Amino acid sequence: MIALEEKNLQGYNQKLLSFEKMEHKSQEVMAMNPRGQLPALKHGTHVLNESYAACMYLEFAQGKQNTRETEKMRTRLILVSLLSLCGLCISEECSYELLENVDFPGTDIKSLYSPDVNHCQQLCTQHPSCQFFTFIRPDWTTDNRHFYCYLKSTPSGQPDVQTPLLGVTSGFSLKPCYPETKPCLSQVYQNVDFLGADYRSLFTRDYEECQRACTQDPGCQFFTFVNGVFTSEKIRYKCHLKFSWTIPRIPTIERKAGVVSGFSHNAEITQTFDTACQGELFLSTDTKGNDMDTVAAVSPEHCQTLCSAHPSCTYFSYTSNDYICYLKNNQNEMVTLSKEGVTSGLPARFCQLDNSWVKDVHEGTGFTGSDIRYELVDDRDMCQKECTEDPNCQFYDYVTESFFDRNYWRRCYLKRVITIPAPPKVTKLSNVVSGFSLKNCVERV
């Protein structure tokens, strides 16, 4: 449309379509492009399905042409058509379509648990490498692999094979659609248990009150409620609050000469609170024992942010030589001892930490893995800008010209991890109800 306006072309018809309503898969669109891909331009008998091809067509087709120019235009249109066809092969299409009882066999890169196909699709969307998926539904009868979400990838970006299979649903990553980074997960699941990840329990009247408790608790991401007719009377009406990481966790951090790493300036590192506060750090100090988890962190401030996000973390210790953040749990005491190279500290609760550390760059440090893709850029500032401007990017690596292998020079690796709430296991269990916190739904209102 911009090209049409720039050319001052009048009298054209336009139609806006909704991906969410699957209007791009209507008969009208499929008649123009069997893959249901947008945008689409029709002029006479010419149909073009790529923006680049459509713009070139408008450039050469409008205005008066002599016979020689007409021949040139024909030649160009052949080239444009070929470019359009190639674009269909390699371009990423925004597709919300879900294929019931269709399997994309093989090419698995990871399997996770999901309570339904929409959650599975969100997992695929946030995984750095996933392009499509197959979800095993609760009505699957072949074995007990219910709620399995298989994330998949191929060099072409498309499934190698599609086969009919009862009890599964397949679909595609929504990365090309630029979806919400914090989707509202409002569905509740009857007779489904989100097994594990408990950090607190209480008794509530019903699952709605349990869900409200989860939504109000900063650490809760999902829950399971045991109703009043559960087999064991002792745990009836019990509400289990559960945790999963919703801030980016870097899988591996290592020393790497010639590499510079950092975060997107738009990375959602912490929950937002109205009250600001300063974190408490103890330099050259270790805390004895009580380790509950170890995670990678690039600085003491990063480690403090991770501890603040976990509802069970009471204090932490960070070792700078190996980038390890030790999250600790002891509500009764904290025993400290002097130790060089270690920084300990306390989490911040119900207040906003200073997140200026997110803008720091880290020389000689690599955030290994979790690559979405790489681009060639001139310097680390450009790499940081690329990551910040890409809504899918959470952190990055930039390879400088001091790196030992010149084949990697100037590569900017954009990276991300899954941050939507993800139960460690999903199983069938009678007389329980499970669901997610409504924090992200409340924020939209």
# chains A, B, ... in the order shown; residues from 1 in each chain; ligands from 1

$ residues_around --residues "Asp293 in chain A" --least-positions-apart "6" --cutoff "12 Å" --atoms "only C-alpha atoms" --output "number ranges by chain"
A: 303, 306-307, 310, 312-317, 324-329

$ write_last_selection --atoms "all heavy atoms" --output "tab-separated table (two decimals), in the first residue's frame"
chain	number	residue	atom	x	y	z
A	303	CYS	N	22.99	-12.21	39.65
A	303	CYS	CA	22.69	-13.27	40.61
A	303	CYS	C	21.63	-12.80	41.61
A	303	CYS	O	20.69	-13.54	41.94
A	303	CYS	CB	23.97	-13.68	41.34
A	303	CYS	SG	23.78	-15.05	42.51
A	306	LEU	N	18.23	-12.92	40.06
A	306	LEU	CA	17.71	-14.29	39.99
A	306	LEU	C	17.19	-14.75	41.36
A	306	LEU	O	16.13	-15.37	41.46
A	306	LEU	CB	18.81	-15.23	39.49
A	306	LEU	CG	19.22	-15.03	38.03
A	306	LEU	CD1	20.51	-15.79	37.74
A	306	LEU	CD2	18.12	-15.49	37.08
A	307	CYS	N	17.93	-14.44	42.40
A	307	CYS	CA	17.49	-14.80	43.75
A	307	CYS	C	16.19	-14.07	44.11
A	307	CYS	O	15.28	-14.66	44.70
A	307	CYS	CB	18.59	-14.46	44.76
A	307	CYS	SG	18.18	-14.87	46.48
A	310	HIS	N	13.09	-15.79	42.64
A	310	HIS	CA	12.71	-17.12	43.14
A	310	HIS	C	12.12	-17.00	44.54
A	310	HIS	O	12.77	-16.50	45.46
A	310	HIS	CB	13.93	-18.05	43.18
A	310	HIS	CG	13.58	-19.49	43.22
A	310	HIS	ND1	12.86	-20.05	44.25
A	310	HIS	CD2	13.83	-20.51	42.35
A	310	HIS	CE1	12.69	-21.33	44.03
A	310	HIS	NE2	13.26	-21.64	42.88
A	312	SER	N	11.71	-19.03	46.91
A	312	SER	CA	12.33	-19.81	47.99
A	312	SER	C	13.74	-19.37	48.31
A	312	SER	O	14.36	-19.89	49.25
A	312	SER	CB	12.33	-21.30	47.61
A	312	SER	OG	11.03	-21.79	47.42
A	313	CYS	N	14.29	-18.42	47.55
A	313	CYS	CA	15.67	-17.99	47.77
A	313	CYS	C	15.72	-16.96	48.91
A	313	CYS	O	15.09	-15.90	48.82
A	313	CYS	CB	16.24	-17.38	46.49
A	313	CYS	SG	17.98	-16.88	46.62
A	314	THR	N	16.47	-17.28	49.97
A	314	THR	CA	16.58	-16.37	51.12
A	314	THR	C	17.86	-15.55	51.09
A	314	THR	O	17.92	-14.48	51.68
A	314	THR	CB	16.49	-17.15	52.44
A	314	THR	OG1	17.47	-18.20	52.43
A	314	THR	CG2	15.10	-17.77	52.62
A	315	TYR	N	18.90	-16.06	50.42
A	315	TYR	CA	20.13	-15.30	50.18
A	315	TYR	C	20.94	-16.06	49.15
A	315	TYR	O	20.54	-17.14	48.68
A	315	TYR	CB	20.93	-15.07	51.47
A	315	TYR	CG	21.15	-16.29	52.34
A	315	TYR	CD1	22.29	-17.09	52.20
A	315	TYR	CD2	20.24	-16.63	53.34
A	315	TYR	CE1	22.49	-18.20	53.00
A	315	TYR	CE2	20.44	-17.73	54.16
A	315	TYR	CZ	21.56	-18.51	53.98
A	315	TYR	OH	21.78	-19.61	54.77
A	316	PHE	N	22.08	-15.51	48.73
A	316	PHE	CA	22.84	-16.12	47.63
A	316	PHE	C	24.33	-15.84	47.79
A	316	PHE	O	24.75	-14.95	48.54
A	316	PHE	CB	22.37	-15.56	46.28
A	316	PHE	CG	22.67	-14.10	46.10
A	316	PHE	CD1	23.87	-13.68	45.53
A	316	PHE	CD2	21.76	-13.13	46.51
A	316	PHE	CE1	24.16	-12.33	45.38
A	316	PHE	CE2	22.04	-11.77	46.36
A	316	PHE	CZ	23.25	-11.37	45.80
A	317	SER	N	25.12	-16.63	47.04
A	317	SER	CA	26.56	-16.38	46.90
A	317	SER	C	26.93	-16.52	45.44
A	317	SER	O	26.43	-17.42	44.75
A	317	SER	CB	27.39	-17.35	47.75
A	317	SER	OG	27.21	-17.11	49.12
A	324	ILE	N	29.05	-18.72	38.57
A	324	ILE	CA	28.00	-19.54	39.19
A	324	ILE	C	27.31	-18.77	40.31
A	324	ILE	O	27.96	-18.18	41.17
A	324	ILE	CB	28.57	-20.87	39.71
A	324	ILE	CG1	29.06	-21.74	38.55
A	324	ILE	CG2	27.50	-21.63	40.50
A	324	ILE	CD1	29.63	-23.07	38.96
A	325	CYS	N	25.99	-18.80	40.26
A	325	CYS	CA	25.14	-18.15	41.27
A	325	CYS	C	24.51	-19.25	42.13
A	325	CYS	O	23.73	-20.06	41.62
A	325	CYS	CB	24.08	-17.31	40.57
A	325	CYS	SG	22.84	-16.57	41.65
A	326	TYR	N	24.86	-19.28	43.40
A	326	TYR	CA	24.33	-20.28	44.33
A	326	TYR	C	23.12	-19.68	45.05
A	326	TYR	O	23.28	-18.77	45.88
A	326	TYR	CB	25.39	-20.71	45.33
A	326	TYR	CG	26.57	-21.42	44.72
A	326	TYR	CD1	27.68	-20.71	44.26
A	326	TYR	CD2	26.58	-22.81	44.58
A	326	TYR	CE1	28.78	-21.36	43.69
A	326	TYR	CE2	27.66	-23.47	44.02
A	326	TYR	CZ	28.75	-22.73	43.57
A	326	TYR	OH	29.83	-23.38	43.01
A	327	LEU	N	21.93	-20.17	44.72
A	327	LEU	CA	20.72	-19.74	45.42
A	327	LEU	C	20.56	-20.59	46.67
A	327	LEU	O	20.67	-21.82	46.61
A	327	LEU	CB	19.51	-19.88	44.51
A	327	LEU	CG	19.59	-19.18	43.15
A	327	LEU	CD1	18.28	-19.35	42.38
A	327	LEU	CD2	19.93	-17.71	43.30
A	328	LYS	N	20.26	-19.95	47.79
A	328	LYS	CA	20.26	-20.66	49.07
A	328	LYS	C	18.93	-20.46	49.80
A	328	LYS	O	18.25	-19.44	49.61
A	328	LYS	CB	21.42	-20.18	49.93
A	328	LYS	CG	22.78	-20.48	49.27
A	328	LYS	CD	23.95	-19.80	49.98
A	328	LYS	CE	25.27	-20.12	49.29
A	328	LYS	NZ	25.87	-21.38	49.77
A	329	ASN	N	18.60	-21.44	50.63
A	329	ASN	CA	17.36	-21.38	51.38
A	329	ASN	C	17.60	-21.81	52.82
A	329	ASN	O	17.90	-22.96	53.09
A	329	ASN	CB	16.29	-22.27	50.75
A	329	ASN	CG	15.00	-22.29	51.56
A	329	ASN	OD1	14.78	-23.17	52.37
A	329	ASN	ND2	14.17	-21.30	51.33

$ closest_atom_pairs --of "range 230-276 of chain A" --to "range 349-364 of chain A" --cutoff "9 Å" --atoms "only C-alpha atoms" --output "tab-separated table"
residue	atom	partner	partner_atom	distance
A:Glu254	CA	A:Gly364	CA	8.6
A:Arg255	CA	A:Gly364	CA	5.7
A:Lys256	CA	A:Gly364	CA	4.9
A:Ala257	CA	A:Gly364	CA	4.6
A:Gly258	CA	A:Gly364	CA	5.8
A:Val259	CA	A:Gly364	CA	5.1
A:Val260	CA	A:Glu363	CA	4.6
A:Ser261	CA	A:His362	CA	5.2
A:Gly262	CA	A:Val361	CA	4.9
A:Phe263	CA	A:Val358	CA	5.9
A:Ser264	CA	A:Val358	CA	7.6
A:His265	CA	A:Lys359	CA	6.2
A:Ala267	CA	A:Val358	CA	8.2
A:Ile269	CA	A:Asn355	CA	8.0
A:Thr270	CA	A:Gln352	CA	8.1
A:Gln271	CA	A:Gln352	CA	7.7
A:Thr272	CA	A:Gln352	CA	6.3
A:Phe273	CA	A:Gln352	CA	5.1
A:Asp274	CA	A:Gln352	CA	6.8
A:Thr275	CA	A:Cys351	CA	5.0
A:Ala276	CA	A:Gln352	CA	4.5

$ write_last_selection --atoms "C-alpha atoms" --output "CSV table (one decimal), in the first residue's frame"
chain,number,residue,atom,x,y,z
A,254,GLU,CA,32.1,-19.0,29.9
A,255,ARG,CA,35.3,-17.0,29.4
A,256,LYS,CA,35.9,-16.6,25.6
A,257,ALA,CA,38.6,-14.3,24.3
A,258,GLY,CA,37.5,-12.0,21.4
A,259,VAL,CA,33.8,-12.3,22.4
A,260,VAL,CA,31.6,-9.5,23.9
A,261,SER,CA,28.2,-10.3,25.5
A,262,GLY,CA,25.3,-8.4,26.8
A,263,PHE,CA,21.5,-8.1,27.2
A,264,SER,CA,18.7,-6.5,25.2
A,265,HIS,CA,17.9,-3.2,26.8
A,267,ALA,CA,14.8,-7.6,28.3
A,269,ILE,CA,14.6,-9.1,33.7
A,270,THR,CA,12.4,-8.5,36.7
A,271,GLN,CA,8.8,-7.9,37.7
A,272,THR,CA,7.8,-4.3,38.0
A,273,PHE,CA,7.1,-2.7,41.4
A,274,ASP,CA,6.3,0.9,42.2
A,275,THR,CA,8.7,1.1,45.1
A,276,ALA,CA,12.5,1.4,44.3

$ atom_distance --atom1 "CA of His127 in chain A" --atom2 "CA of Thr154 in chain A"
14.1 Å

$ atom_distance --atom1 "CA of Cys214 in chain A" --atom2 "CA of Glu233 in chain A"
22.9 Å

$ select_by_dssp --residues "range 115-349 of chain A" --states "alpha helix (DSSP H)" --output "MDAnalysis selection string"
chainID A and resid 117:126 207:216 300:309

$ select_by_dssp --residues "range 218-367 of chain A" --states "strand (DSSP E or B)" --output "ChimeraX atom specification"
/A:222-226,238-242,252-263,276,280-282,285-287,291-296,315-319,324-328,336-338,342-346,352,362-367

$ closest_atom_pairs --of "range 186-279 of chain A" --to "range 424-427 of chain A" --cutoff "6 Å" --atoms "only C-alpha atoms" --output "JSON lines"
{"residue": "A:Val192", "atom": "CA", "partner": "A:Thr427", "partner_atom": "CA", "distance": 5.8}
{"residue": "A:Asp193", "atom": "CA", "partner": "A:Thr427", "partner_atom": "CA", "distance": 5.3}
{"residue": "A:Phe194", "atom": "CA", "partner": "A:Val426", "partner_atom": "CA", "distance": 4.8}
{"residue": "A:Leu195", "atom": "CA", "partner": "A:Lys425", "partner_atom": "CA", "distance": 5.2}

$ atom_distance --atom1 "CA of Lys110 in chain A" --atom2 "CA of Gln131 in chain A"
11.7 Å

$ closest_residue --among "A:Asp397, A:Glu268, A:Asp390, A:Glu340" --to "Leu376 in chain A" --atoms "only C-alpha atoms"
A:Asp397
